[in-house]
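In what follows, a single structure is set out as structure tokens and then discussed.
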Amino acid sequence: MGVLMTWLALAATGAEAADDITAPDGRREYRGQGLVMSVTARTPAQQFAFYSARGFPEDAVRRIAQRCFLTVGIRNGRSDIVWLELDEWRFIDDQNREHKSTRRDEWNALWRRINLPPAYRATFGWTQLPERRDLHPGESAGGNVTLAPPPAVFALEARFRTGGDGHGSLLQVRFDNLSCPRGDTL
């Protein structure tokens, strides 16, 4: 019944559900419509270890580890341009509430408030998924998308415009039953 309801909901929106290919490391992967897209939820301990190993101050690392980090990879296997635009992505919890991703300008404001040195700001910036980018045929993009941890499971609905001017077909991919790992010690 749940699969049927998911299929009906997706059919109504035109989105394609992820094939639920789950790797041993917890990575979820979708292959279809000429796209390959993967999503991996990172634990607070992984975030803490990664940024601590790069010399980030403990205050910054603790703030980072409080967020939900989704590592995303996208590859354009199509013959036209695919537009990555995070404004076109939705994070919807099981109560149908939308959760916003934390934008670069929000992170930059935090880094200014805590006086994080520019080198660390740059390092953090290159670990984030671009907010807007054109992916030409064969191109890939990857990085982290961050948000306040939703209270339970949530879905990621990603929409991609296509074509040189972004007015081609609309591609939609949905990952259901995502969650942000919690509870591991830092």
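To be explicit about the labels: the chains of the structure tokens are called A, B, and onward in the order shown, and within each one the residues are counted from 1, while ligands get numbers from 1 in the order they are shown.
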
- Contact residues around Ala65 (chain A) with only C-alpha atoms at 9 Å, ignoring same-chain residues under 3 positions, as a ChimeraX atom specification: /A:43-48,60-62,68-69,186

Selection to disk with C-alpha atoms, as a PDB file, in the first residue's frame:
ATOM      1  CA  THR A  43      26.904  11.829  11.170  1.00  0.00           C
ATOM      2  CA  PRO A  44      27.895  14.613  13.558  1.00  0.00           C
ATOM      3  CA  ALA A  45      31.041  12.602  14.377  1.00  0.00           C
ATOM      4  CA  GLN A  46      31.998  12.475  10.685  1.00  0.00           C
ATOM      5  CA  GLN A  47      31.528  16.227  10.369  1.00  0.00           C
ATOM      6  CA  PHE A  48      33.482  16.842  13.557  1.00  0.00           C
ATOM      7  CA  ALA A  60      33.107  26.333  14.465  1.00  0.00           C
ATOM      8  CA  VAL A  61      33.240  22.532  14.337  1.00  0.00           C
ATOM      9  CA  ARG A  62      30.582  22.192  17.031  1.00  0.00           C
ATOM     10  CA  CYS A  68      22.236  17.930   9.031  1.00  0.00           C
ATOM     11  CA  PHE A  69      24.835  17.409   6.294  1.00  0.00           C
ATOM     12  CA  LEU A 186      31.664  14.201  19.462  1.00  0.00           C
TER      13      LEU A 186
END

- Query: Which of region 31-145 of chain A counts as strand (DSSP E or B) under DSSP, as a PyMOL selection string please?
  - Reply: chain A and resi 31-32+35-42+68-76+82-85+89-93+98-99+101+128+132-135+140-145

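You can rank A:Arg132, A:Arg27, A:Arg63, A:Arg161 by their closest distance to Trp111 (chain A) using only C-alpha atoms, and at the top of that list sits A:Arg63.
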
- Message: With DSSP run on the backbone, what are the helix (DSSP H, G or I) residues within region 25-114 of chain A? I'd like them as a ChimeraX atom specification.
- Response: /A:44-53,58-65,86-88,104-113

Suppose we keep N, CA and C atoms; can you now write the selection as a PDB file, in the first residue's frame?
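See selection_11.pdb below for the written result:
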ATOM      1  N   PRO A  44      27.166  13.522  12.907  1.00  0.00           N
ATOM      2  CA  PRO A  44      27.895  14.613  13.558  1.00  0.00           C
ATOM      3  C   PRO A  44      29.366  14.260  13.796  1.00  0.00           C
ATOM      4  N   ALA A  45      29.650  13.010  14.145  1.00  0.00           N
ATOM      5  CA  ALA A  45      31.041  12.602  14.377  1.00  0.00           C
ATOM      6  C   ALA A  45      31.867  12.700  13.095  1.00  0.00           C
ATOM      7  N   GLN A  46      31.282  12.339  11.957  1.00  0.00           N
ATOM      8  CA  GLN A  46      31.998  12.475  10.685  1.00  0.00           C
ATOM      9  C   GLN A  46      32.298  13.942  10.388  1.00  0.00           C
ATOM     10  N   GLN A  47      31.326  14.798  10.604  1.00  0.00           N
ATOM     11  CA  GLN A  47      31.528  16.227  10.369  1.00  0.00           C
ATOM     12  C   GLN A  47      32.610  16.771  11.296  1.00  0.00           C
ATOM     13  N   PHE A  48      32.512  16.382  12.567  1.00  0.00           N
ATOM     14  CA  PHE A  48      33.482  16.842  13.557  1.00  0.00           C
ATOM     15  C   PHE A  48      34.887  16.405  13.160  1.00  0.00           C
ATOM     16  N   ALA A  49      35.041  15.137  12.783  1.00  0.00           N
ATOM     17  CA  ALA A  49      36.362  14.614  12.403  1.00  0.00           C
ATOM     18  C   ALA A  49      36.901  15.315  11.161  1.00  0.00           C
ATOM     19  N   PHE A  50      36.060  15.494  10.148  1.00  0.00           N
ATOM     20  CA  PHE A  50      36.508  16.089   8.890  1.00  0.00           C
ATOM     21  C   PHE A  50      37.020  17.510   9.100  1.00  0.00           C
ATOM     22  N   TYR A  51      36.220  18.340   9.752  1.00  0.00           N
ATOM     23  CA  TYR A  51      36.605  19.744   9.900  1.00  0.00           C
ATOM     24  C   TYR A  51      37.672  19.936  10.975  1.00  0.00           C
ATOM     25  N   SER A  52      37.681  19.110  12.014  1.00  0.00           N
ATOM     26  CA  SER A  52      38.751  19.178  13.017  1.00  0.00           C
ATOM     27  C   SER A  52      40.094  18.830  12.390  1.00  0.00           C
ATOM     28  N   ALA A  53      40.092  17.824  11.513  1.00  0.00           N
ATOM     29  CA  ALA A  53      41.338  17.404  10.862  1.00  0.00           C
ATOM     30  C   ALA A  53      41.912  18.505   9.974  1.00  0.00           C
ATOM     31  N   GLU A  58      37.366  24.674  17.480  1.00  0.00           N
ATOM     32  CA  GLU A  58      36.336  23.796  18.047  1.00  0.00           C
ATOM     33  C   GLU A  58      34.947  24.431  18.022  1.00  0.00           C
ATOM     34  N   ASP A  59      34.848  25.733  18.279  1.00  0.00           N
ATOM     35  CA  ASP A  59      33.540  26.398  18.258  1.00  0.00           C
ATOM     36  C   ASP A  59      32.885  26.257  16.885  1.00  0.00           C
ATOM     37  N   ALA A  60      33.648  26.460  15.827  1.00  0.00           N
ATOM     38  CA  ALA A  60      33.107  26.333  14.465  1.00  0.00           C
ATOM     39  C   ALA A  60      32.700  24.892  14.183  1.00  0.00           C
ATOM     40  N   VAL A  61      33.531  23.947  14.599  1.00  0.00           N
ATOM     41  CA  VAL A  61      33.240  22.532  14.337  1.00  0.00           C
ATOM     42  C   VAL A  61      31.976  22.102  15.065  1.00  0.00           C
ATOM     43  N   ARG A  62      31.802  22.553  16.286  1.00  0.00           N
ATOM     44  CA  ARG A  62      30.582  22.192  17.031  1.00  0.00           C
ATOM     45  C   ARG A  62      29.333  22.765  16.351  1.00  0.00           C
ATOM     46  N   ARG A  63      29.416  23.959  15.834  1.00  0.00           N
ATOM     47  CA  ARG A  63      28.273  24.549  15.120  1.00  0.00           C
ATOM     48  C   ARG A  63      27.970  23.771  13.837  1.00  0.00           C
ATOM     49  N   ILE A  64      29.017  23.371  13.147  1.00  0.00           N
ATOM     50  CA  ILE A  64      28.848  22.566  11.932  1.00  0.00           C
ATOM     51  C   ILE A  64      28.164  21.247  12.270  1.00  0.00           C
ATOM     52  N   ALA A  65      28.630  20.597  13.335  1.00  0.00           N
ATOM     53  CA  ALA A  65      28.119  19.271  13.695  1.00  0.00           C
ATOM     54  C   ALA A  65      26.670  19.300  14.177  1.00  0.00           C
ATOM     55  N   LEU A  86      19.706  25.055  -6.150  1.00  0.00           N
ATOM     56  CA  LEU A  86      19.200  24.612  -4.851  1.00  0.00           C
ATOM     57  C   LEU A  86      17.880  25.272  -4.468  1.00  0.00           C
ATOM     58  N   ASP A  87      17.573  26.419  -5.052  1.00  0.00           N
ATOM     59  CA  ASP A  87      16.265  27.039  -4.798  1.00  0.00           C
ATOM     60  C   ASP A  87      15.125  26.160  -5.305  1.00  0.00           C
ATOM     61  N   GLU A  88      15.424  25.218  -6.171  1.00  0.00           N
ATOM     62  CA  GLU A  88      14.418  24.313  -6.737  1.00  0.00           C
ATOM     63  C   GLU A  88      14.324  22.991  -5.969  1.00  0.00           C
ATOM     64  N   ARG A 104      24.681  29.654   1.765  1.00  0.00           N
ATOM     65  CA  ARG A 104      26.047  30.156   1.941  1.00  0.00           C
ATOM     66  C   ARG A 104      26.071  31.496   2.674  1.00  0.00           C
ATOM     67  N   ASP A 105      25.137  32.377   2.344  1.00  0.00           N
ATOM     68  CA  ASP A 105      25.146  33.683   3.012  1.00  0.00           C
ATOM     69  C   ASP A 105      24.862  33.546   4.505  1.00  0.00           C
ATOM     70  N   GLU A 106      24.066  32.544   4.904  1.00  0.00           N
ATOM     71  CA  GLU A 106      23.819  32.302   6.323  1.00  0.00           C
ATOM     72  C   GLU A 106      25.077  31.794   7.009  1.00  0.00           C
ATOM     73  N   TRP A 107      25.772  30.849   6.354  1.00  0.00           N
ATOM     74  CA  TRP A 107      27.039  30.360   6.909  1.00  0.00           C
ATOM     75  C   TRP A 107      28.042  31.503   7.006  1.00  0.00           C
ATOM     76  N   ASN A 108      28.142  32.315   5.953  1.00  0.00           N
ATOM     77  CA  ASN A 108      29.102  33.424   5.960  1.00  0.00           C
ATOM     78  C   ASN A 108      28.806  34.418   7.078  1.00  0.00           C
ATOM     79  N   ALA A 109      27.528  34.676   7.346  1.00  0.00           N
ATOM     80  CA  ALA A 109      27.160  35.569   8.451  1.00  0.00           C
ATOM     81  C   ALA A 109      27.603  34.970   9.787  1.00  0.00           C
ATOM     82  N   LEU A 110      27.415  33.664   9.949  1.00  0.00           N
ATOM     83  CA  LEU A 110      27.864  32.996  11.176  1.00  0.00           C
ATOM     84  C   LEU A 110      29.379  33.095  11.302  1.00  0.00           C
ATOM     85  N   TRP A 111      30.082  32.819  10.219  1.00  0.00           N
ATOM     86  CA  TRP A 111      31.554  32.860  10.273  1.00  0.00           C
ATOM     87  C   TRP A 111      32.042  34.267  10.636  1.00  0.00           C
ATOM     88  N   ARG A 112      31.384  35.299  10.130  1.00  0.00           N
ATOM     89  CA  ARG A 112      31.761  36.670  10.495  1.00  0.00           C
ATOM     90  C   ARG A 112      31.515  36.920  11.987  1.00  0.00           C
ATOM     91  N   ARG A 113      30.362  36.446  12.493  1.00  0.00           N
ATOM     92  CA  ARG A 113      30.028  36.657  13.915  1.00  0.00           C
ATOM     93  C   ARG A 113      31.049  36.022  14.842  1.00  0.00           C
TER      94      ARG A 113
END

- Query: What is the distance, in Å and to one decimal place, between CA of Gln66 (chain A) and CA of Asp93 (chain A)?
  - Reply: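 Atom-to-atom, CA of Gln66 (chain A) to CA of Asp93 (chain A), that is 18.3 Å.
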
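Across A:Ser169, A:Ser38, A:Thr127, A:Asn177, the tightest approach to Ala155 (chain A) is made by A:Asn177 when counting only C-alpha atoms.
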
- Tell me, in Å to one decimal, how far CA of Thr123 (chain A) is from CA of Arg75 (chain A).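 It comes out at 22.9 Å.
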
- Kindly indicate which residue among A:His99, A:Arg174, A:Arg133, A:His167 lies nearest to Pro151 (chain A), using only C-alpha atoms for the distances. A:His99

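When only C-alpha atoms are used to measure the gap to Gly166 (chain A), the shortest distance among A:Leu35, A:Leu135, A:Leu129, A:Ala122 belongs to A:Leu135.
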
- Message: Please determine, counting only C-alpha atoms, which residue among A:Ser79, A:Gln33, A:Thr71, A:Thr146 has the shortest atom-to-atom distance to Gly164 (chain A).
- Response: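 Using only C-alpha atoms, Gly164 (chain A) sits closest to A:Ser79.
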